[in-house]
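Structure file run_27.csv with CSV, C-alpha atoms and all ligand atoms:
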chain,number,residue,atom,x,y,z
A,429,MET,CA,-17.8,8.1,-5.3
A,430,GLU,CA,-14.8,7.2,-3.3
A,431,TYR,CA,-12.3,10.0,-3.0
A,432,PRO,CA,-9.4,8.9,-0.8
A,433,LEU,CA,-7.6,11.9,0.8
A,434,VAL,CA,-4.4,9.9,1.3
A,435,ARG,CA,-3.3,7.3,-1.2
A,436,ALA,CA,-0.3,5.0,-1.2
A,437,CYS,CA,0.1,4.2,-4.9
A,438,ILE,CA,1.9,0.8,-5.2
A,439,ASP,CA,3.8,0.0,-8.4
A,440,LEU,CA,3.6,-3.8,-8.6
A,441,ASP,CA,5.8,-3.9,-11.6
A,442,ALA,CA,8.5,-2.3,-9.5
A,443,ILE,CA,8.2,-5.1,-7.0
A,444,GLN,CA,8.4,-7.6,-9.8
A,445,LYS,CA,11.6,-6.0,-11.2
A,446,ASN,CA,13.1,-5.8,-7.7
A,447,ILE,CA,12.5,-9.5,-7.1
A,448,GLN,CA,13.9,-10.4,-10.6
A,449,ASN,CA,17.0,-8.3,-9.9
A,450,LEU,CA,17.5,-9.8,-6.4
A,451,LYS,CA,17.1,-13.3,-7.8
A,452,GLN,CA,19.9,-12.5,-10.3
A,453,ILE,CA,22.4,-12.0,-7.4
A,454,THR,CA,21.0,-14.9,-5.3
A,455,ASP,CA,22.8,-18.2,-5.3
A,456,LYS,CA,21.2,-20.4,-8.0
A,457,LYS,CA,20.6,-23.2,-5.5
A,458,SER,CA,18.8,-21.0,-3.0
A,459,LYS,CA,15.0,-20.6,-2.8
A,460,PHE,CA,13.6,-17.1,-2.6
A,461,MET,CA,11.3,-16.0,0.2
A,462,ALA,CA,9.4,-12.7,-0.1
A,463,VAL,CA,8.8,-11.2,3.4
A,464,VAL,CA,5.3,-9.7,3.5
A,465,LYS,CA,4.9,-9.2,7.3
A,466,ALA,CA,3.4,-6.0,8.6
A,467,ASP,CA,1.0,-5.7,5.7
A,468,GLY,CA,3.8,-6.1,3.2
A,469,TYR,CA,5.8,-3.3,4.9
A,470,GLY,CA,2.8,-1.1,4.5
A,471,HIS,CA,2.4,-1.9,0.8
A,472,GLY,CA,-0.5,-4.4,1.3
A,473,ALA,CA,0.4,-8.0,2.0
A,474,VAL,CA,-2.1,-9.8,-0.3
A,475,LYS,CA,-1.3,-7.9,-3.5
A,476,VAL,CA,2.5,-8.0,-2.8
A,477,ALA,CA,2.3,-11.7,-2.0
A,478,GLN,CA,0.4,-12.4,-5.3
A,479,LYS,CA,2.9,-10.4,-7.3
A,480,ALA,CA,5.9,-11.9,-5.5
A,481,LEU,CA,4.7,-15.4,-6.3
A,482,GLN,CA,4.1,-14.5,-9.9
A,483,SER,CA,7.6,-13.0,-10.0
A,484,GLY,CA,9.3,-16.2,-8.9
A,485,ALA,CA,9.2,-16.2,-5.1
A,486,ASP,CA,9.1,-19.7,-3.6
A,487,TRP,CA,8.0,-18.8,-0.1
A,488,LEU,CA,6.3,-16.0,1.9
A,489,GLY,CA,7.5,-14.9,5.3
A,490,ILE,CA,5.3,-13.3,7.9
A,491,ALA,CA,5.6,-12.3,11.6
A,492,ARG,CA,2.2,-13.2,13.0
A,493,LEU,CA,-0.4,-15.9,12.7
A,494,ASN,CA,-3.2,-13.3,11.9
A,495,GLU,CA,-1.1,-12.3,8.9
A,496,ALA,CA,-1.2,-15.9,7.7
A,497,VAL,CA,-5.0,-15.9,8.1
A,498,GLU,CA,-5.3,-12.9,5.8
A,499,LEU,CA,-3.2,-14.5,3.1
A,500,ARG,CA,-4.9,-17.9,3.2
A,501,LYS,CA,-8.3,-16.2,3.2
A,502,ALA,CA,-7.2,-14.4,0.0
A,503,GLY,CA,-6.6,-17.9,-1.5
A,504,ILE,CA,-2.8,-17.8,-1.4
A,505,GLU,CA,-1.6,-21.4,-1.0
A,506,ALA,CA,2.1,-20.8,-1.1
A,507,LEU,CA,4.6,-22.1,1.4
A,508,LEU,CA,4.3,-19.7,4.4
A,509,LEU,CA,6.8,-19.4,7.3
A,510,VAL,CA,5.7,-17.6,10.5
A,511,PHE,CA,8.7,-16.0,12.2
A,512,GLY,CA,6.9,-15.0,15.3
A,513,TYR,CA,5.9,-16.7,18.5
A,514,ILE,CA,3.0,-19.1,18.3
A,515,HIS,CA,1.0,-20.6,21.2
A,516,PRO,CA,0.8,-24.4,21.5
A,517,ALA,CA,-3.0,-24.0,21.6
A,518,GLN,CA,-2.8,-22.7,18.1
A,519,ALA,CA,-1.6,-26.1,16.8
A,520,GLY,CA,-4.9,-27.0,15.2
A,521,MET,CA,-5.1,-23.7,13.4
A,522,ILE,CA,-1.5,-24.0,12.1
A,523,ASN,CA,-2.3,-27.4,10.8
A,524,ASP,CA,-5.5,-26.4,9.1
A,525,MET,CA,-3.8,-23.5,7.4
A,526,ASN,CA,-0.8,-25.6,6.4
A,527,LEU,CA,1.8,-23.3,7.9
A,528,VAL,CA,5.4,-23.7,8.7
A,529,THR,CA,6.1,-22.2,12.1
A,530,THR,CA,9.1,-21.2,14.1
A,531,VAL,CA,10.2,-22.8,17.4
A,532,TYR,CA,12.7,-21.0,19.5
A,533,GLY,CA,14.1,-23.9,21.4
A,534,LEU,CA,13.5,-27.3,23.0
A,535,LYS,CA,10.9,-26.1,25.5
A,536,MET,CA,8.8,-24.4,22.9
A,537,ALA,CA,9.1,-27.4,20.6
A,538,LYS,CA,8.0,-29.8,23.4
A,539,ALA,CA,5.0,-27.6,24.2
A,540,LEU,CA,3.9,-27.5,20.6
A,541,SER,CA,4.5,-31.2,20.2
A,542,SER,CA,2.3,-32.1,23.1
A,543,LYS,CA,-0.6,-30.4,21.3
A,544,ALA,CA,0.4,-31.3,17.7
A,545,LYS,CA,0.7,-35.0,18.4
A,546,LEU,CA,-3.0,-35.2,18.8
A,547,LEU,CA,-3.6,-33.9,15.3
A,548,ASN,CA,-3.8,-36.0,12.1
A,549,LYS,CA,-0.6,-34.7,10.6
A,550,PRO,CA,2.6,-33.3,11.9
A,551,ILE,CA,3.3,-29.5,12.0
A,552,LYS,CA,6.3,-28.5,10.0
A,553,VAL,CA,8.7,-26.3,12.0
A,554,HIS,CA,11.9,-24.4,11.6
A,555,LEU,CA,14.2,-23.9,14.6
A,556,LYS,CA,15.5,-20.4,15.2
A,557,ILE,CA,19.2,-20.3,16.0
A,558,ASP,CA,20.6,-17.2,17.7
A,559,THR,CA,24.1,-16.7,16.3
A,560,GLY,CA,24.3,-13.1,17.6
A,561,MET,CA,21.1,-11.2,17.0
A,562,GLY,CA,20.3,-11.5,20.7
A,563,ARG,CA,16.6,-11.7,20.3
A,564,VAL,CA,15.1,-15.2,20.2
A,565,GLY,CA,16.3,-18.7,19.3
A,566,MET,CA,18.7,-21.4,20.6
A,567,VAL,CA,21.9,-19.6,21.5
A,568,ILE,CA,25.1,-20.8,20.0
A,569,GLU,CA,27.1,-17.6,20.2
A,570,LYS,CA,30.6,-17.9,21.6
A,571,ASN,CA,30.2,-21.7,21.9
A,572,LEU,CA,32.2,-22.3,18.7
A,573,SER,CA,35.2,-23.5,20.6
A,574,ASP,CA,33.4,-24.8,23.6
A,575,LYS,CA,33.0,-28.5,23.0
A,576,THR,CA,30.5,-29.3,25.8
A,577,ALA,CA,28.2,-26.4,24.9
A,578,ARG,CA,28.3,-27.4,21.3
A,579,LYS,CA,27.4,-31.0,22.2
A,580,GLN,CA,24.4,-29.7,24.3
A,581,VAL,CA,23.0,-27.7,21.4
A,582,LEU,CA,23.3,-30.7,19.1
A,583,LYS,CA,21.7,-33.0,21.7
A,584,LYS,CA,18.7,-30.6,22.0
A,585,ILE,CA,18.3,-30.5,18.2
A,586,GLU,CA,18.4,-34.3,18.1
A,587,GLU,CA,15.7,-34.3,20.7
A,588,ILE,CA,13.5,-31.9,18.7
A,589,VAL,CA,13.9,-34.1,15.6
A,590,LYS,CA,12.5,-37.1,17.6
A,591,LEU,CA,9.4,-35.2,19.0
A,592,PRO,CA,6.1,-36.6,17.9
A,593,GLY,CA,3.6,-34.3,16.1
A,594,ILE,CA,6.3,-31.9,14.8
A,595,ASP,CA,8.5,-32.3,11.8
A,596,LEU,CA,11.8,-30.2,11.9
A,597,LYS,CA,12.4,-29.1,8.3
A,598,GLY,CA,14.9,-26.3,8.7
A,599,LEU,CA,17.0,-24.1,10.9
A,600,TYR,CA,17.5,-20.4,10.5
A,601,THR,CA,19.3,-17.4,12.0
A,602,HIS,CA,19.0,-13.7,11.6
A,603,PHE,CA,21.8,-11.1,11.1
A,604,ALA,CA,22.2,-8.2,13.4
A,605,ALA,CA,24.5,-6.0,11.3
A,606,ALA,CA,24.6,-7.3,7.7
A,607,ASP,CA,23.8,-3.7,6.6
A,608,CYS,CA,26.9,-2.3,8.3
A,609,LYS,CA,30.3,-1.5,6.6
A,610,ASP,CA,32.1,-3.5,9.2
A,611,ARG,CA,31.6,-7.1,8.0
A,612,ARG,CA,33.2,-9.0,10.9
A,613,TYR,CA,30.2,-9.6,13.0
A,614,THR,CA,28.2,-11.0,10.1
A,615,ASP,CA,31.1,-13.2,9.0
A,616,LEU,CA,31.2,-14.7,12.5
A,617,GLN,CA,27.4,-15.3,12.5
A,618,ILE,CA,27.7,-17.1,9.1
A,619,GLU,CA,30.6,-19.1,10.4
A,620,LEU,CA,28.7,-20.2,13.5
A,621,PHE,CA,25.6,-21.1,11.5
A,622,ALA,CA,27.6,-23.0,8.8
A,623,SER,CA,29.6,-25.0,11.4
A,624,LEU,CA,26.4,-26.0,13.2
A,625,LEU,CA,25.0,-27.3,9.9
A,626,GLU,CA,28.3,-29.2,9.4
A,627,ASP,CA,28.0,-30.8,12.9
A,628,LEU,CA,24.4,-31.9,12.3
A,629,LYS,CA,25.4,-33.4,8.9
A,630,LYS,CA,28.0,-35.5,10.7
A,631,LYS,CA,25.2,-36.8,13.0
A,632,GLY,CA,23.2,-37.6,9.9
A,633,ILE,CA,20.7,-34.8,10.4
A,634,GLU,CA,20.2,-33.0,7.1
A,635,LEU,CA,17.4,-30.4,7.0
A,636,SER,CA,16.1,-29.3,3.7
A,637,THR,CA,15.6,-25.6,4.3
A,638,CYS,CA,18.3,-23.8,6.3
A,639,HIS,CA,18.5,-20.1,5.9
A,640,ALA,CA,20.1,-16.8,7.1
A,641,ALA,CA,20.1,-13.9,4.7
A,642,ASN,CA,17.9,-10.9,4.9
A,643,SER,CA,18.1,-8.2,2.2
A,644,ALA,CA,21.5,-7.0,3.4
A,645,GLY,CA,22.7,-10.6,3.5
A,646,ILE,CA,21.5,-11.2,-0.1
A,647,ILE,CA,23.3,-8.0,-1.4
A,648,GLU,CA,26.5,-8.0,0.7
A,649,PHE,CA,27.1,-11.7,1.8
A,650,PRO,CA,26.8,-14.1,-1.1
A,651,GLY,CA,28.2,-16.8,1.2
A,652,SER,CA,25.1,-16.5,3.4
A,653,HIS,CA,22.5,-17.7,1.0
A,654,PHE,CA,22.3,-21.4,2.1
A,655,ASP,CA,19.1,-23.1,1.0
A,656,MET,CA,17.0,-19.9,1.0
A,657,VAL,CA,17.1,-16.1,1.3
A,658,ARG,CA,14.6,-13.9,3.0
A,659,ALA,CA,14.1,-10.6,1.2
A,660,GLY,CA,12.0,-7.9,2.9
A,661,ILE,CA,12.8,-4.2,2.5
A,662,SER,CA,14.6,-4.8,-0.9
A,663,ILE,CA,11.6,-6.2,-2.7
A,664,TYR,CA,9.8,-2.9,-1.9
A,665,GLY,CA,12.7,-1.1,-3.7
A,666,LEU,CA,14.4,0.3,-0.6
A,667,TYR,CA,18.0,-0.4,0.5
A,668,PRO,CA,18.6,-1.8,4.0
A,669,SER,CA,20.9,1.1,4.9
A,670,GLY,CA,23.1,3.7,3.4
A,671,GLU,CA,26.1,1.5,4.0
A,672,VAL,CA,25.0,-1.3,1.6
A,673,ASP,CA,26.6,-1.1,-1.8
A,674,GLN,CA,23.7,0.1,-4.0
A,675,SER,CA,25.6,-0.7,-7.2
A,676,LYS,CA,25.2,-4.5,-6.6
A,677,VAL,CA,21.5,-4.5,-7.3
A,678,LYS,CA,19.2,-2.0,-8.8
A,679,LEU,CA,16.0,-1.4,-6.8
A,680,THR,CA,13.1,0.8,-7.6
A,681,PRO,CA,10.9,2.2,-4.8
A,682,ALA,CA,7.4,0.7,-5.2
A,683,MET,CA,5.5,3.3,-3.1
A,684,THR,CA,4.4,6.8,-3.8
A,685,LEU,CA,2.4,8.4,-1.0
A,686,LYS,CA,0.0,11.2,-2.1
A,687,SER,CA,-2.5,13.6,-0.8
A,688,ILE,CA,-4.1,16.8,-2.0
A,689,VAL,CA,-4.3,20.4,-1.1
A,690,THR,CA,-7.7,21.1,0.6
A,691,ALA,CA,-7.3,24.8,1.5
A,692,VAL,CA,-5.1,27.7,0.6
A,693,ARG,CA,-5.2,30.9,2.7
A,694,GLU,CA,-3.2,34.1,2.5
A,695,VAL,CA,-2.1,35.0,5.9
A,696,PRO,CA,-0.3,38.0,7.4
A,697,LYS,CA,3.2,38.1,9.1
A,698,GLY,CA,3.1,36.8,12.6
A,699,PHE,CA,0.3,34.3,11.9
A,700,CYS,CA,0.3,31.3,14.3
A,701,VAL,CA,0.0,27.8,12.8
A,702,SER,CA,-1.4,24.6,14.4
A,703,TYR,CA,-1.4,23.3,18.0
A,704,GLY,CA,0.9,25.0,20.5
A,705,MET,CA,1.5,27.9,18.0
A,706,THR,CA,5.0,26.6,17.5
A,707,HIS,CA,5.2,28.3,14.1
A,708,LYS,CA,4.7,32.0,13.4
A,709,THR,CA,4.9,33.3,9.8
A,710,ARG,CA,7.9,35.5,9.3
A,711,LYS,CA,6.2,37.4,6.5
A,712,LYS,CA,3.0,37.6,4.7
A,713,THR,CA,2.6,34.3,2.9
A,714,LYS,CA,0.2,31.5,1.7
A,715,LEU,CA,-0.5,28.4,3.7
A,716,ALA,CA,-1.9,25.2,2.3
A,717,SER,CA,-3.6,22.5,4.3
A,718,VAL,CA,-3.1,18.8,3.5
A,719,PRO,CA,-5.4,16.2,5.0
A,720,VAL,CA,-2.7,13.8,6.2
A,721,GLY,CA,-1.6,13.3,9.9
A,722,TYR,CA,-0.1,11.1,12.4
A,723,ALA,CA,-3.1,8.8,12.4
A,724,ASP,CA,-2.2,8.0,8.8
A,725,GLY,CA,1.3,7.1,10.0
A,726,PHE,CA,2.8,10.4,9.0
A,727,SER,CA,4.9,10.9,12.0
A,728,ARG,CA,4.5,13.9,14.3
A,729,GLY,CA,8.3,14.1,14.1
A,730,PHE,CA,7.8,16.0,10.8
A,731,SER,CA,6.4,19.0,12.7
A,732,SER,CA,8.2,22.0,11.2
A,733,ASN,CA,10.7,19.4,10.1
A,734,GLY,CA,10.0,18.2,6.6
A,735,THR,CA,8.9,19.1,3.1
A,736,LEU,CA,6.1,18.0,0.9
A,737,LEU,CA,6.0,18.3,-2.9
A,738,VAL,CA,3.4,20.4,-4.6
A,739,LYS,CA,3.5,21.6,-8.2
A,740,GLY,CA,7.0,20.0,-8.5
A,741,HIS,CA,8.4,22.2,-5.7
A,742,ARG,CA,9.4,21.5,-2.1
A,743,ALA,CA,7.1,23.2,0.4
A,744,PRO,CA,8.2,23.2,4.1
A,745,VAL,CA,5.9,21.7,6.8
A,746,VAL,CA,5.0,24.4,9.2
A,747,GLY,CA,3.8,23.9,12.8
A,748,ARG,CA,2.8,20.7,14.4
A,749,ILE,CA,1.5,17.7,12.4
A,750,CYS,CA,-2.1,17.0,13.7
A,751,MET,CA,-3.9,13.7,13.8
A,752,ASP,CA,-5.6,14.4,10.4
A,753,GLN,CA,-4.0,17.5,8.9
A,754,THR,CA,-0.6,19.1,8.0
A,755,MET,CA,0.1,22.6,7.0
A,756,ILE,CA,2.7,23.7,4.5
A,757,ASP,CA,4.0,27.1,3.5
A,758,VAL,CA,3.4,27.6,-0.3
A,759,GLY,CA,4.2,31.4,-0.3
A,760,ASP,CA,7.0,30.8,-2.8
A,761,ILE,CA,5.1,28.4,-5.1
A,762,PRO,CA,2.8,30.1,-7.6
A,763,ASP,CA,-0.8,29.1,-8.2
A,764,VAL,CA,-1.3,26.5,-5.6
A,765,THR,CA,-5.1,25.7,-5.4
A,766,PRO,CA,-7.3,23.2,-3.6
A,767,GLY,CA,-7.3,19.9,-5.3
A,768,ASP,CA,-3.6,20.1,-6.3
A,769,GLU,CA,-1.7,16.8,-5.9
A,770,VAL,CA,0.7,16.7,-2.9
A,771,VAL,CA,3.5,14.0,-2.8
A,772,LEU,CA,4.7,12.9,0.7
A,773,ILE,CA,6.9,10.1,-0.5
A,774,GLY,CA,8.0,9.7,-4.1
A,775,SER,CA,8.6,12.0,-7.0
A,776,GLN,CA,6.8,14.9,-8.6
A,777,GLY,CA,8.2,16.8,-11.6
A,778,ASP,CA,12.0,16.8,-11.1
A,779,GLU,CA,11.8,16.6,-7.3
A,780,ILE,CA,12.3,13.3,-5.4
A,781,LEU,CA,11.4,12.8,-1.8
A,782,GLY,CA,12.5,9.3,-0.8
A,783,ALA,CA,11.6,7.3,2.2
A,784,ASP,CA,15.3,7.5,3.2
A,785,GLU,CA,15.2,11.2,3.4
A,786,LEU,CA,12.1,11.1,5.6
A,787,ALA,CA,13.7,8.5,7.8
A,788,ASN,CA,16.9,10.6,8.2
A,789,ARG,CA,14.8,13.6,9.3
A,790,ILE,CA,13.2,11.9,12.2
A,791,ASN,CA,16.1,9.6,13.1
A,792,THR,CA,14.6,6.3,12.0
A,793,ILE,CA,14.9,3.9,9.1
A,794,ASN,CA,13.0,3.6,5.8
A,795,TYR,CA,11.4,0.4,7.2
A,796,GLU,CA,9.5,2.4,9.8
A,797,ILE,CA,8.4,5.1,7.4
A,798,VAL,CA,6.6,2.7,5.1
A,799,SER,CA,5.3,0.2,7.6
A,800,ALA,CA,3.9,2.9,9.8
A,801,LEU,CA,1.1,3.7,7.3
A,802,THR,CA,-2.2,2.9,8.9
A,803,PRO,CA,-5.2,1.1,7.3
A,804,ARG,CA,-7.1,4.4,6.6
A,805,VAL,CA,-4.5,5.2,3.9
A,806,LYS,CA,-6.0,3.8,0.7
A,807,ARG,CA,-3.7,1.5,-1.2
A,808,ILE,CA,-4.0,1.8,-5.0
A,809,TYR,CA,-2.2,-0.7,-7.2
A,810,SER,CA,-0.8,-0.4,-10.7
A,811,ASP,CA,0.2,-3.4,-12.6
A,812,SER,CA,0.9,-3.9,-16.2
A,813,GLY,CA,-0.2,-7.5,-15.7
A,814,SER,CA,2.8,-9.2,-17.2
A,815,GLY,CA,3.7,-12.3,-15.1
A,901,LIG,C1,11.8,-9.0,8.7
A,901,LIG,C2,12.7,-10.2,8.6
A,901,LIG,C3,13.4,-10.4,7.4
A,901,LIG,C4,13.5,-9.4,6.3
A,901,LIG,O1,14.5,-8.4,6.6
A,901,LIG,P1,14.8,-7.3,5.5
A,901,LIG,O2,16.0,-6.6,6.2
A,901,LIG,O3,13.6,-6.4,5.4
A,901,LIG,O4,15.2,-7.9,4.3
A,901,LIG,C5,14.1,-11.6,7.3
A,901,LIG,N1,14.0,-12.5,8.3
A,901,LIG,C6,13.4,-12.3,9.4
A,901,LIG,C7,13.4,-13.4,10.5
A,901,LIG,C8,12.7,-11.1,9.6
A,901,LIG,O5,12.0,-11.0,10.8
Could you write out this structure as structure tokens?
Ligand SMILES: *Cc1c(COP(=O)(O)O)cnc(C)c1O
Amino acid sequence: MEYPLVRACIDLDAIQKNIQNLKQITDKKSKFMAVVKADGYGHGAVKVAQKALQSGADWLGIARLNEAVELRKAGIEALLLVFGYIHPAQAGMINDMNLVTTVYGLKMAKALSSKAKLLNKPIKVHLKIDTGMGRVGMVIEKNLSDKTARKQVLKKIEEIVKLPGIDLKGLYTHFAAADCKDRRYTDLQIELFASLLEDLKKKGIELSTCHAANSAGIIEFPGSHFDMVRAGISIYGLYPSGEVDQSKVKLTPAMTLKSIVTAVREVPKGFCVSYGMTHKTRKKTKLASVPVGYADGFSRGFSSNGTLLVKGHRAPVVGRICMDQTMIDVGDIPDVTPGDEVVLIGSQGDEILGADELANRINTINYEIVSALTPRVKRIYSDSGSG
């Protein structure tokens, strides 16, 4: 019998509710993309993708080609956009899997075209526009008032449109700070993107799917929804940051991460715990071992810096997190015994331990907490089954 020591319990109904709520605040004319990269932010890409499509998502977004392979193998035929870099040699594969891929500029488009023109049908591509993220894409930042620079960008896009073997279907950009209180940078990014689309329209180039908004854009910038929105973290029930107005959309976290107590020992005062003996008990107490570690994606940063829930109480992590085990002090919690459920993310009794709290403790963001979970964590799904 399978008895997984660490389980990520995924509530697919919560994902459905989150998508429905997000769609409520999305422009009626905009399509909805569910972003399921990085194994669905650790929640399991295939199950999340299936549920998202049932819940009204029109597109799926992923970062890597191998993520597309997994979805297609599972029989998912939906529109799929790959955000990440693809090699021209992969043109055949892209075509076979019927993917839409991203080109970062004219050079990459030409390279892809040279391979794609040999195929029986063109590859659909979206062009990435860098309006200020500073990562990839055709740069148009600061060129708003510079007429020659603008003309050059337009000329390059016109050239891409004419390339054989590829079919430019959309443009998109990505926000650097849509989750920040200060709205000015995002307003500027939106303005740059919108004016580029205007210019193209004047030239008679109208692309069907132009998009910009991530979760924070959906929630905070209704003017950024264009033809489609790309919702990632929010479909999993987490807010992009503490600065986003949570009253605008209700989200329910979909993941509960659980383990069990495997050993409970009474130990004396001055007892050393785990590698490096960084923790010494200050009094006679009880320690419980939990079979979760950094190889599960439970960061070593939680060493003597976190709490887990057991019997509805918070128990402090003591000593270093190991690869496969973590120790907690349960001296103040009555009757802890091997087999008791331990919650690492989620709620137990009246206590709630959110991914945001964990992220704050180790100076990161909720995105990293959930997407860091490794394959050896068993994903278990609950779904009431209503489409
Ligand atoms: C990851 C990603 C998203 C989703 O962002 P969230 O903040 O999780 O909503 C959208 N667009 C692109 C290009 C991405 O890489």
Let me make sure I understand: among A:Glu648, A:Val689, A:Val474, A:Ile522, which one has the smallest atom-to-atom distance to Ile504 (chain A) if we use all atoms listed in the file?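 Result for the nearest residue to Ile504 (chain A): A:Val474.
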Could you list, with a cut-off of 9 Å and counting only C-alpha atoms and all ligand atoms, the residues of chain A near ligand LIG 901 (chain A), each shown with its nearest atom pair and the distance in Å rounded to one decimal, rows sorted by chain and ascending number, as JSON lines?
{"residue": "A:Met461", "atom": "CA", "partner": "A:LIG901", "partner_atom": "C5", "distance": 8.8}
{"residue": "A:Ala462", "atom": "CA", "partner": "A:LIG901", "partner_atom": "C4", "distance": 8.3}
{"residue": "A:Val463", "atom": "CA", "partner": "A:LIG901", "partner_atom": "C4", "distance": 5.8}
{"residue": "A:Val464", "atom": "CA", "partner": "A:LIG901", "partner_atom": "C1", "distance": 8.4}
{"residue": "A:Lys465", "atom": "CA", "partner": "A:LIG901", "partner_atom": "C1", "distance": 7.0}
{"residue": "A:Ala466", "atom": "CA", "partner": "A:LIG901", "partner_atom": "C1", "distance": 8.9}
{"residue": "A:Tyr469", "atom": "CA", "partner": "A:LIG901", "partner_atom": "O3", "distance": 8.4}
{"residue": "A:Gly489", "atom": "CA", "partner": "A:LIG901", "partner_atom": "N1", "distance": 7.6}
{"residue": "A:Ile490", "atom": "CA", "partner": "A:LIG901", "partner_atom": "O5", "distance": 7.7}
{"residue": "A:Ala491", "atom": "CA", "partner": "A:LIG901", "partner_atom": "O5", "distance": 6.6}
{"residue": "A:Val510", "atom": "CA", "partner": "A:LIG901", "partner_atom": "C7", "distance": 8.8}
{"residue": "A:Phe511", "atom": "CA", "partner": "A:LIG901", "partner_atom": "C7", "distance": 5.6}
{"residue": "A:Gly512", "atom": "CA", "partner": "A:LIG901", "partner_atom": "O5", "distance": 7.9}
{"residue": "A:Lys556", "atom": "CA", "partner": "A:LIG901", "partner_atom": "C7", "distance": 8.7}
{"residue": "A:Tyr600", "atom": "CA", "partner": "A:LIG901", "partner_atom": "C7", "distance": 8.1}
{"residue": "A:Thr601", "atom": "CA", "partner": "A:LIG901", "partner_atom": "C7", "distance": 7.3}
{"residue": "A:His602", "atom": "CA", "partner": "A:LIG901", "partner_atom": "C7", "distance": 5.7}
{"residue": "A:Phe603", "atom": "CA", "partner": "A:LIG901", "partner_atom": "N1", "distance": 8.4}
{"residue": "A:Ala606", "atom": "CA", "partner": "A:LIG901", "partner_atom": "O2", "distance": 8.8}
{"residue": "A:Asp607", "atom": "CA", "partner": "A:LIG901", "partner_atom": "O2", "distance": 8.3}
{"residue": "A:Ala640", "atom": "CA", "partner": "A:LIG901", "partner_atom": "N1", "distance": 7.6}
{"residue": "A:Ala641", "atom": "CA", "partner": "A:LIG901", "partner_atom": "C5", "distance": 6.9}
{"residue": "A:Asn642", "atom": "CA", "partner": "A:LIG901", "partner_atom": "O4", "distance": 4.1}
{"residue": "A:Ser643", "atom": "CA", "partner": "A:LIG901", "partner_atom": "O4", "distance": 3.6}
{"residue": "A:Ala644", "atom": "CA", "partner": "A:LIG901", "partner_atom": "O2", "distance": 6.2}
{"residue": "A:Gly645", "atom": "CA", "partner": "A:LIG901", "partner_atom": "O4", "distance": 8.0}
{"residue": "A:Ile646", "atom": "CA", "partner": "A:LIG901", "partner_atom": "O4", "distance": 8.4}
{"residue": "A:Val657", "atom": "CA", "partner": "A:LIG901", "partner_atom": "C5", "distance": 8.1}
{"residue": "A:Arg658", "atom": "CA", "partner": "A:LIG901", "partner_atom": "C5", "distance": 4.9}
{"residue": "A:Ala659", "atom": "CA", "partner": "A:LIG901", "partner_atom": "O4", "distance": 4.3}
{"residue": "A:Gly660", "atom": "CA", "partner": "A:LIG901", "partner_atom": "O3", "distance": 3.3}
{"residue": "A:Ile661", "atom": "CA", "partner": "A:LIG901", "partner_atom": "O3", "distance": 3.7}
{"residue": "A:Ser662", "atom": "CA", "partner": "A:LIG901", "partner_atom": "O4", "distance": 6.1}
{"residue": "A:Ile663", "atom": "CA", "partner": "A:LIG901", "partner_atom": "O4", "distance": 8.1}
{"residue": "A:Tyr664", "atom": "CA", "partner": "A:LIG901", "partner_atom": "O3", "distance": 8.9}
{"residue": "A:Tyr667", "atom": "CA", "partner": "A:LIG901", "partner_atom": "O2", "distance": 8.7}
{"residue": "A:Pro668", "atom": "CA", "partner": "A:LIG901", "partner_atom": "O2", "distance": 5.9}
{"residue": "A:Tyr795", "atom": "CA", "partner": "A:LIG901", "partner_atom": "O3", "distance": 7.4}
Can you measure CA of Gly740 (chain A) to CA of Ser702 (chain A) for me? One decimal in Å is fine. 24.8 Å
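Between Leu596 (chain A) and the candidates A:His554, A:Lys479, A:Lys575, A:Arg563, the tightest atom-to-atom separation, counting all atoms listed in the file, involves A:His554.
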Within 9 Å of region 773-781 of chain A using only C-alpha atoms, minus same-chain residues under 2 positions, as JSON, numbers by chain: {"A": [436, 681, 683, 684, 685, 686, 735, 736, 737, 738, 739, 740, 741, 742, 770, 771, 783, 784, 785, 786]}
Within 8 Å of Tyr703 (chain A), counting all atoms listed in the file, which residues show up once you throw out same-chain ones fewer than 4 positions away? Write them as a VMD selection string, please. chain A and resid 747 to 748 750
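The smallest atom-to-atom distance between Ile633 (chain A) and any of A:Val672, A:Ile453, A:Leu616, A:Val589, using only C-alpha atoms, is found for A:Val589.
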Determine the nearest neighbour of Thr690 (chain A) from the options A:Gly813, A:Val746, A:Val758, A:Thr765, counting only C-alpha atoms.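 Looking only at the distances to Thr690 (chain A), the closest residue turns out to be A:Thr765.
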Using the atoms already present, construct N, CA and C atoms for region 677-681 of chain A and hand them back as a PDB file, in the frame of the given file.
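Saved as rebuild-v1.pdb:
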ATOM      1  N   VAL A 677      22.848  -4.130  -6.810  1.00  0.00           N
ATOM      2  CA  VAL A 677      21.500  -4.500  -7.300  1.00  0.00           C
ATOM      3  C   VAL A 677      20.686  -3.217  -7.468  1.00  0.00           C
ATOM      4  N   LYS A 678      19.995  -3.142  -8.598  1.00  0.00           N
ATOM      5  CA  LYS A 678      19.200  -2.000  -8.800  1.00  0.00           C
ATOM      6  C   LYS A 678      17.787  -2.198  -8.237  1.00  0.00           C
ATOM      7  N   LEU A 679      17.361  -1.287  -7.387  1.00  0.00           N
ATOM      8  CA  LEU A 679      16.000  -1.400  -6.800  1.00  0.00           C
ATOM      9  C   LEU A 679      15.249  -0.120  -7.060  1.00  0.00           C
ATOM     10  N   THR A 680      13.955  -0.304  -7.286  1.00  0.00           N
ATOM     11  CA  THR A 680      13.100   0.800  -7.600  1.00  0.00           C
ATOM     12  C   THR A 680      11.999   0.916  -6.502  1.00  0.00           C
ATOM     13  N   PRO A 681      11.895   2.048  -5.810  1.00  0.00           N
ATOM     14  CA  PRO A 681      10.900   2.200  -4.800  1.00  0.00           C
ATOM     15  C   PRO A 681       9.468   1.921  -5.351  1.00  0.00           C
TER      16      PRO A 681
END
